[in-house]
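Written below as C-alpha cells is the structure these notes are about.
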Amino acid sequence: MQADPKPASPADVSVVVIGRNEGQRLLDCLASVRAAHWGPLRHELIYVDSGSTDGSAQAAASFGARVITVKPLRPSAALGRNAGWRAAGAPWVLFLDGDTLLNPDFVSAALEALRDHPERAAVWGHRRERYPEHSVFNRVLDLDWVYPAGDTAFCGGDALFRCSALAETGGFNDQLIAGEEPELCARLRQRGWRIWHIDHPMTLHDLAITRWRQYWLRAERAGHAYAEVSHRLAHTSTPLWKHENSRHRFHALALLLFFIVLLSLLATHAFTAAGLWTGLAIIGWARTAWRARWKGGSALTLGLYALHAHAQQIPIGWGQLQWARAHRKGVSRDLIEYKRGAP
C-alpha cells in the first residue's frame, strides 16, 4: 500500500472515496464532493484505488485528492475503506463509493445527528439510483435502497462515521468480500454504539445494471454475504442475518419446488391444477407488491419490484451454496463483480 503522510492540520471531515475503474463515475463523484455545501467545515479528500487500469488514481489526484493505492491479491471494499480511514486526519469520516454523487447538504445534516448523540457511531441517509430509467433492473433495485428512518441494525457503503468508533472496533473486516458494512455495524452495536438513518437525501448511485448476468451476480454476492456474515456472528450478542439467511434459503427451495410442480402438472396435462397453482403464485406476487407500497413508486414499479423480490431468491440461494462449498474446503472466494470497467 502506498500513501501520502497524514496532513499536518487535520480537517473536520475526511471524505474517503473508494473505487476501481469507475471512469467518469469517479470524476462525477469527486466533483460532487467539491460542490457540497461545506460552509465553515474543513474537509480533506482521500481516494483509495484498488488497482484501476483506467487512470482513476491520476484523475483523482488532479482533483486535489490524496491518493492511496492498494494492490491486494484479493481486492475488496473493506480493504479500501480501512486504508482510507486509517490515513484520515479528521474526527468524522464520510465513506463514499466511487459510483455515487454526494448530496450537497448531507454532511451538515448528518453531523447534526451525530454531534448531540454520543452513542451514535454512524449516520446515513437516503441512497437512490441516479438513472432508474436506464434499465428495468435500475428501476426495480432503486427501491432496494429505501429504508425507514431511525435506529437501524446497519448501514451501507455510504455513511458518516465517528473515527473513534472505527478505531475501537478495528474498522471493517477485510476478509469479507461482501457484507462488510453490516458486519462492522453488528460489532459496533455489541459495544453499545447505535447506527442512525436520517430522513435526508445522501447519495445518488449509478448501479449500471443492464443485463441479466449482472443482476444475477449482484444477487449471488448478496447470498454470499448473508451466509458468511450470519455464520461469523451466529454466536454473538448481535446474530445479524441469522433468520434472513434461513428465510432466503427456504424461499429459494420453495421457488424451485413451485416450478417443478408446475412443469409436472403441465407435462401430465393437468391444466386446471396448473392454473390453480399459478393463481397461488400470482396472489403471493400481488401480496408482496402491496406490502412494498410504502417504498413509493408506481403500480408498475411495485409490480416489478415484487417480481424481483422473488426472482432474486434463486441467485441468492446459489450464492449461499457457493459460500458453503468454499467454507467446507477452507478456501476464500474472490470478489464477485457485477460491474466492470468505466461506462
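Residue names in the C-alpha cells use chain letters A, B, ... in the order shown, residue numbers from 1 in each chain, and ligand numbers from 1 in the order shown.
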Q: Just list the residues in stretch 24-259 of chain A DSSP gives strand (DSSP E or B) on the backbone, as a PyMOL selection string.
A: chain A and resi 43-49+66-69+92-97+100-102+120-129+150-152+159-162+194-205
Keeping only N, CA and C atoms, take the residues you just selected and write them out as a short mmCIF file (atom, residue, chain, number, x, y, z; two decimals), in the first residue's frame.
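Written output follows (out_2.cif):
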data_model
loop_
_atom_site.label_atom_id
_atom_site.label_comp_id
_atom_site.auth_asym_id
_atom_site.auth_seq_id
_atom_site.Cartn_x
_atom_site.Cartn_y
_atom_site.Cartn_z
N HIS A 43 -12.51 20.14 5.11
CA HIS A 43 -12.56 18.74 4.74
C HIS A 43 -11.34 18.37 3.91
N GLU A 44 -10.98 17.11 3.99
CA GLU A 44 -9.93 16.56 3.14
C GLU A 44 -10.54 15.45 2.30
N LEU A 45 -9.99 15.25 1.12
CA LEU A 45 -10.50 14.26 0.18
C LEU A 45 -9.44 13.19 -0.02
N ILE A 46 -9.81 11.96 0.29
CA ILE A 46 -8.90 10.81 0.15
C ILE A 46 -9.53 9.83 -0.83
N TYR A 47 -8.78 9.47 -1.84
CA TYR A 47 -9.26 8.47 -2.80
C TYR A 47 -8.40 7.22 -2.66
N VAL A 48 -9.06 6.07 -2.45
CA VAL A 48 -8.36 4.79 -2.35
C VAL A 48 -8.66 3.99 -3.61
N ASP A 49 -7.63 3.70 -4.35
CA ASP A 49 -7.78 3.00 -5.63
C ASP A 49 -7.33 1.55 -5.49
N ARG A 66 -5.94 13.19 -1.98
CA ARG A 66 -4.78 12.42 -1.56
C ARG A 66 -5.04 10.98 -1.96
N VAL A 67 -4.18 10.41 -2.77
CA VAL A 67 -4.43 9.11 -3.37
C VAL A 67 -3.67 8.02 -2.62
N ILE A 68 -4.40 6.97 -2.28
CA ILE A 68 -3.82 5.78 -1.68
C ILE A 68 -4.08 4.63 -2.65
N THR A 69 -3.06 3.86 -2.93
CA THR A 69 -3.19 2.74 -3.85
C THR A 69 -3.03 1.44 -3.09
N TRP A 92 -14.36 12.84 11.96
CA TRP A 92 -15.50 12.30 11.25
C TRP A 92 -15.05 11.82 9.88
N VAL A 93 -15.49 10.64 9.48
CA VAL A 93 -15.09 10.06 8.20
C VAL A 93 -16.34 9.75 7.39
N LEU A 94 -16.42 10.38 6.23
CA LEU A 94 -17.52 10.11 5.30
C LEU A 94 -17.04 9.14 4.24
N PHE A 95 -17.64 7.96 4.18
CA PHE A 95 -17.31 6.97 3.16
C PHE A 95 -18.26 7.13 1.97
N LEU A 96 -17.67 7.10 0.79
CA LEU A 96 -18.45 7.14 -0.45
C LEU A 96 -17.89 6.11 -1.42
N ASP A 97 -18.77 5.44 -2.14
CA ASP A 97 -18.34 4.61 -3.26
C ASP A 97 -18.09 5.51 -4.46
N THR A 100 -21.00 7.09 -6.83
CA THR A 100 -22.09 7.84 -6.20
C THR A 100 -21.88 9.34 -6.34
N LEU A 101 -22.97 10.09 -6.15
CA LEU A 101 -22.92 11.54 -6.09
C LEU A 101 -23.39 11.98 -4.71
N LEU A 102 -22.63 12.83 -4.05
CA LEU A 102 -22.96 13.29 -2.71
C LEU A 102 -23.99 14.40 -2.76
N ARG A 120 -24.14 7.40 19.00
CA ARG A 120 -24.24 7.05 17.58
C ARG A 120 -22.86 6.97 16.93
N ALA A 121 -22.58 5.82 16.33
CA ALA A 121 -21.30 5.62 15.65
C ALA A 121 -21.34 6.07 14.21
N ALA A 122 -22.52 5.97 13.60
CA ALA A 122 -22.63 6.29 12.17
C ALA A 122 -24.02 6.82 11.86
N VAL A 123 -24.07 7.69 10.88
CA VAL A 123 -25.34 8.25 10.39
C VAL A 123 -25.35 8.10 8.87
N TRP A 124 -26.48 7.68 8.35
CA TRP A 124 -26.61 7.56 6.91
C TRP A 124 -27.97 8.08 6.49
N GLY A 125 -28.11 8.39 5.21
CA GLY A 125 -29.34 8.94 4.68
C GLY A 125 -29.86 8.11 3.53
N HIS A 126 -30.59 8.75 2.64
CA HIS A 126 -31.22 8.03 1.53
C HIS A 126 -30.28 7.94 0.33
N ARG A 127 -30.02 6.73 -0.09
CA ARG A 127 -29.31 6.49 -1.36
C ARG A 127 -30.37 6.07 -2.38
N ARG A 128 -30.34 6.70 -3.54
CA ARG A 128 -31.26 6.35 -4.62
C ARG A 128 -30.48 6.22 -5.92
N GLU A 129 -31.13 5.63 -6.91
CA GLU A 129 -30.46 5.44 -8.19
C GLU A 129 -30.45 6.73 -9.00
N GLY A 150 -34.53 6.25 11.32
CA GLY A 150 -34.46 5.92 12.74
C GLY A 150 -33.31 4.98 13.05
N ASP A 151 -33.39 4.33 14.20
CA ASP A 151 -32.37 3.39 14.64
C ASP A 151 -32.39 2.16 13.74
N THR A 152 -31.24 1.78 13.21
CA THR A 152 -31.16 0.66 12.28
C THR A 152 -30.08 -0.32 12.70
N ALA A 159 -21.80 6.46 4.32
CA ALA A 159 -22.22 6.82 5.68
C ALA A 159 -21.15 7.70 6.30
N LEU A 160 -21.57 8.49 7.29
CA LEU A 160 -20.65 9.32 8.07
C LEU A 160 -20.40 8.62 9.40
N PHE A 161 -19.13 8.31 9.68
CA PHE A 161 -18.73 7.58 10.88
C PHE A 161 -17.91 8.45 11.82
N ARG A 162 -17.99 8.12 13.10
CA ARG A 162 -17.02 8.63 14.06
C ARG A 162 -15.73 7.83 13.89
N ARG A 194 -24.80 2.93 18.36
CA ARG A 194 -26.02 2.89 17.58
C ARG A 194 -25.74 3.36 16.15
N ILE A 195 -26.54 2.88 15.21
CA ILE A 195 -26.47 3.28 13.80
C ILE A 195 -27.77 4.00 13.49
N TRP A 196 -27.68 5.20 12.92
CA TRP A 196 -28.87 6.03 12.76
C TRP A 196 -29.09 6.41 11.30
N HIS A 197 -30.33 6.22 10.85
CA HIS A 197 -30.70 6.57 9.49
C HIS A 197 -31.56 7.83 9.52
N ILE A 198 -31.09 8.90 8.89
CA ILE A 198 -31.84 10.15 8.90
C ILE A 198 -32.67 10.26 7.62
N ASP A 199 -33.78 10.97 7.74
CA ASP A 199 -34.68 11.17 6.60
C ASP A 199 -34.16 12.34 5.77
N HIS A 200 -33.07 12.10 5.04
CA HIS A 200 -32.42 13.16 4.26
C HIS A 200 -31.71 12.52 3.08
N PRO A 201 -31.76 13.13 1.90
CA PRO A 201 -31.01 12.59 0.75
C PRO A 201 -29.52 12.53 1.06
N MET A 202 -28.88 11.45 0.66
CA MET A 202 -27.46 11.27 0.92
C MET A 202 -26.65 11.18 -0.37
N THR A 203 -26.97 10.18 -1.19
CA THR A 203 -26.22 9.98 -2.43
C THR A 203 -27.14 9.50 -3.54
N LEU A 204 -26.69 9.75 -4.77
CA LEU A 204 -27.25 9.12 -5.96
C LEU A 204 -26.24 8.10 -6.44
N HIS A 205 -26.73 6.92 -6.77
CA HIS A 205 -25.85 5.80 -7.10
C HIS A 205 -26.07 5.38 -8.54
#
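Within 10 Å of stretch 331-333 of chain A there are A:Arg74, A:Gln175, A:Leu176, A:Ile177, A:His224, A:Gln322, A:Trp323, A:Arg325, A:Ala326, counting only C-alpha atoms and ignoring same-chain residues fewer than 5 positions away.
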Go ahead and save the picked residues with N, CA and C atoms, as a PDB file, in the first residue's frame.
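As a result, out08.pdb now contains:
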ATOM      1  N   ARG A  74      -6.406 -10.165  -3.282  1.00  0.00           N
ATOM      2  CA  ARG A  74      -7.856 -10.386  -3.205  1.00  0.00           C
ATOM      3  C   ARG A  74      -8.523  -9.060  -2.831  1.00  0.00           C
ATOM      4  N   GLN A 175     -11.455  -9.521   5.510  1.00  0.00           N
ATOM      5  CA  GLN A 175     -11.567 -10.876   4.980  1.00  0.00           C
ATOM      6  C   GLN A 175     -12.879 -11.079   4.228  1.00  0.00           C
ATOM      7  N   LEU A 176     -13.782 -10.110   4.354  1.00  0.00           N
ATOM      8  CA  LEU A 176     -15.085 -10.221   3.711  1.00  0.00           C
ATOM      9  C   LEU A 176     -15.052  -9.600   2.321  1.00  0.00           C
ATOM     10  N   ILE A 177     -15.665 -10.274   1.348  1.00  0.00           N
ATOM     11  CA  ILE A 177     -15.779  -9.703   0.006  1.00  0.00           C
ATOM     12  C   ILE A 177     -17.131  -9.039  -0.198  1.00  0.00           C
ATOM     13  N   HIS A 224     -23.919 -14.664  -0.799  1.00  0.00           N
ATOM     14  CA  HIS A 224     -22.637 -14.933  -0.144  1.00  0.00           C
ATOM     15  C   HIS A 224     -22.527 -14.141   1.154  1.00  0.00           C
ATOM     16  N   GLN A 322     -22.605 -21.489  -2.775  1.00  0.00           N
ATOM     17  CA  GLN A 322     -21.205 -21.340  -3.159  1.00  0.00           C
ATOM     18  C   GLN A 322     -20.338 -20.991  -1.954  1.00  0.00           C
ATOM     19  N   TRP A 323     -20.855 -20.143  -1.046  1.00  0.00           N
ATOM     20  CA  TRP A 323     -20.082 -19.839   0.165  1.00  0.00           C
ATOM     21  C   TRP A 323     -19.913 -21.098   1.006  1.00  0.00           C
ATOM     22  N   ARG A 325     -19.854 -24.206   0.104  1.00  0.00           N
ATOM     23  CA  ARG A 325     -18.880 -25.106  -0.531  1.00  0.00           C
ATOM     24  C   ARG A 325     -17.456 -24.620  -0.276  1.00  0.00           C
ATOM     25  N   ALA A 326     -17.230 -23.326  -0.454  1.00  0.00           N
ATOM     26  CA  ALA A 326     -15.897 -22.774  -0.219  1.00  0.00           C
ATOM     27  C   ALA A 326     -15.507 -22.903   1.247  1.00  0.00           C
TER      28      ALA A 326
END
Residues of stretch 304-343 of chain A within 9 Å of stretch 130-139 of chain A: nearest atom pair and distance (Å, one decimal) for each, counting only C-alpha atoms, sorted by chain and number, as a tab-separated table?
residue	atom	partner	partner_atom	distance
A:Leu304	CA	A:Val136	CA	8.3
A:Tyr305	CA	A:Arg139	CA	8.5
A:His308	CA	A:Phe137	CA	8.8
Q) Which residues in stretch 219-283 of chain A does DSSP call alpha helix (DSSP H)? List them as a PyMOL selection string. A) chain A and resi 219-232+242-267+271-283
Q. What's the 9 Å shell around A:Trp241, counting only C-alpha atoms, without same-chain residues fewer than 2 positions away, as a VMD selection string?
A. chain A and resid 226 to 227 229 to 231 233 to 234 239 243 to 246
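The shortest atom-to-atom distance to A:Leu217, with only C-alpha atoms taken into account, belongs to A:Gly317 out of A:Pro182, A:Pro75, A:Gly317, A:Gly330.
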Q: Considering only C-alpha atoms, return as a ChimeraX atom specification whatever protein or nucleic-acid residues lie within 7 Å of A:Ala36, sequence-local ones (same chain, fewer than 2 positions apart) excluded.
A: /A:32-34,38,103-105
For those residues, write N, CA and C atoms to a file as a PDB file, in the first residue's frame.
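So result_36.pdb came out as:
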ATOM      1  N   SER A  32     -18.860  16.131  -7.042  1.00  0.00           N
ATOM      2  CA  SER A  32     -19.971  16.351  -6.107  1.00  0.00           C
ATOM      3  C   SER A  32     -19.452  16.651  -4.705  1.00  0.00           C
ATOM      4  N   VAL A  33     -18.330  16.073  -4.347  1.00  0.00           N
ATOM      5  CA  VAL A  33     -17.722  16.384  -3.040  1.00  0.00           C
ATOM      6  C   VAL A  33     -17.239  17.822  -3.034  1.00  0.00           C
ATOM      7  N   ARG A  34     -16.611  18.208  -4.108  1.00  0.00           N
ATOM      8  CA  ARG A  34     -16.120  19.588  -4.216  1.00  0.00           C
ATOM      9  C   ARG A  34     -17.270  20.584  -4.166  1.00  0.00           C
ATOM     10  N   TRP A  38     -20.033  23.010   2.267  1.00  0.00           N
ATOM     11  CA  TRP A  38     -19.195  22.748   3.427  1.00  0.00           C
ATOM     12  C   TRP A  38     -19.249  23.867   4.471  1.00  0.00           C
ATOM     13  N   ASN A 103     -25.049  14.274  -1.950  1.00  0.00           N
ATOM     14  CA  ASN A 103     -25.994  15.369  -1.805  1.00  0.00           C
ATOM     15  C   ASN A 103     -25.287  16.536  -1.115  1.00  0.00           C
ATOM     16  N   PRO A 104     -25.428  17.755  -1.615  1.00  0.00           N
ATOM     17  CA  PRO A 104     -24.636  18.871  -1.070  1.00  0.00           C
ATOM     18  C   PRO A 104     -24.897  19.194   0.397  1.00  0.00           C
ATOM     19  N   ASP A 105     -26.062  18.833   0.923  1.00  0.00           N
ATOM     20  CA  ASP A 105     -26.408  19.176   2.307  1.00  0.00           C
ATOM     21  C   ASP A 105     -26.340  17.996   3.261  1.00  0.00           C
TER      22      ASP A 105
END
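Taking atom CA of A:Ile316 and atom CA of A:Val16 as endpoints, the distance between them is 29.6 Å.
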Write out as a CSV table (one decimal) with C-alpha atoms, in the first residue's frame each polymer residue whose atoms come within 8 Å of A:Glu183, counting only C-alpha atoms; drop sequence neighbours fewer than 4 positions from it.
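Listed below is the output, out37.csv:
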chain,number,residue,atom,x,y,z
A,154,PHE,CA,-26.7,-1.5,9.8
A,172,PHE,CA,-14.0,-3.2,8.5
A,173,ASN,CA,-13.3,-7.0,8.4
A,179,GLY,CA,-21.5,-7.5,3.7
A,187,ARG,CA,-19.7,-5.3,16.1
A,229,VAL,CA,-21.8,-12.7,7.9
A,233,LEU,CA,-22.0,-13.6,14.0
A,240,LEU,CA,-27.1,-10.4,12.2
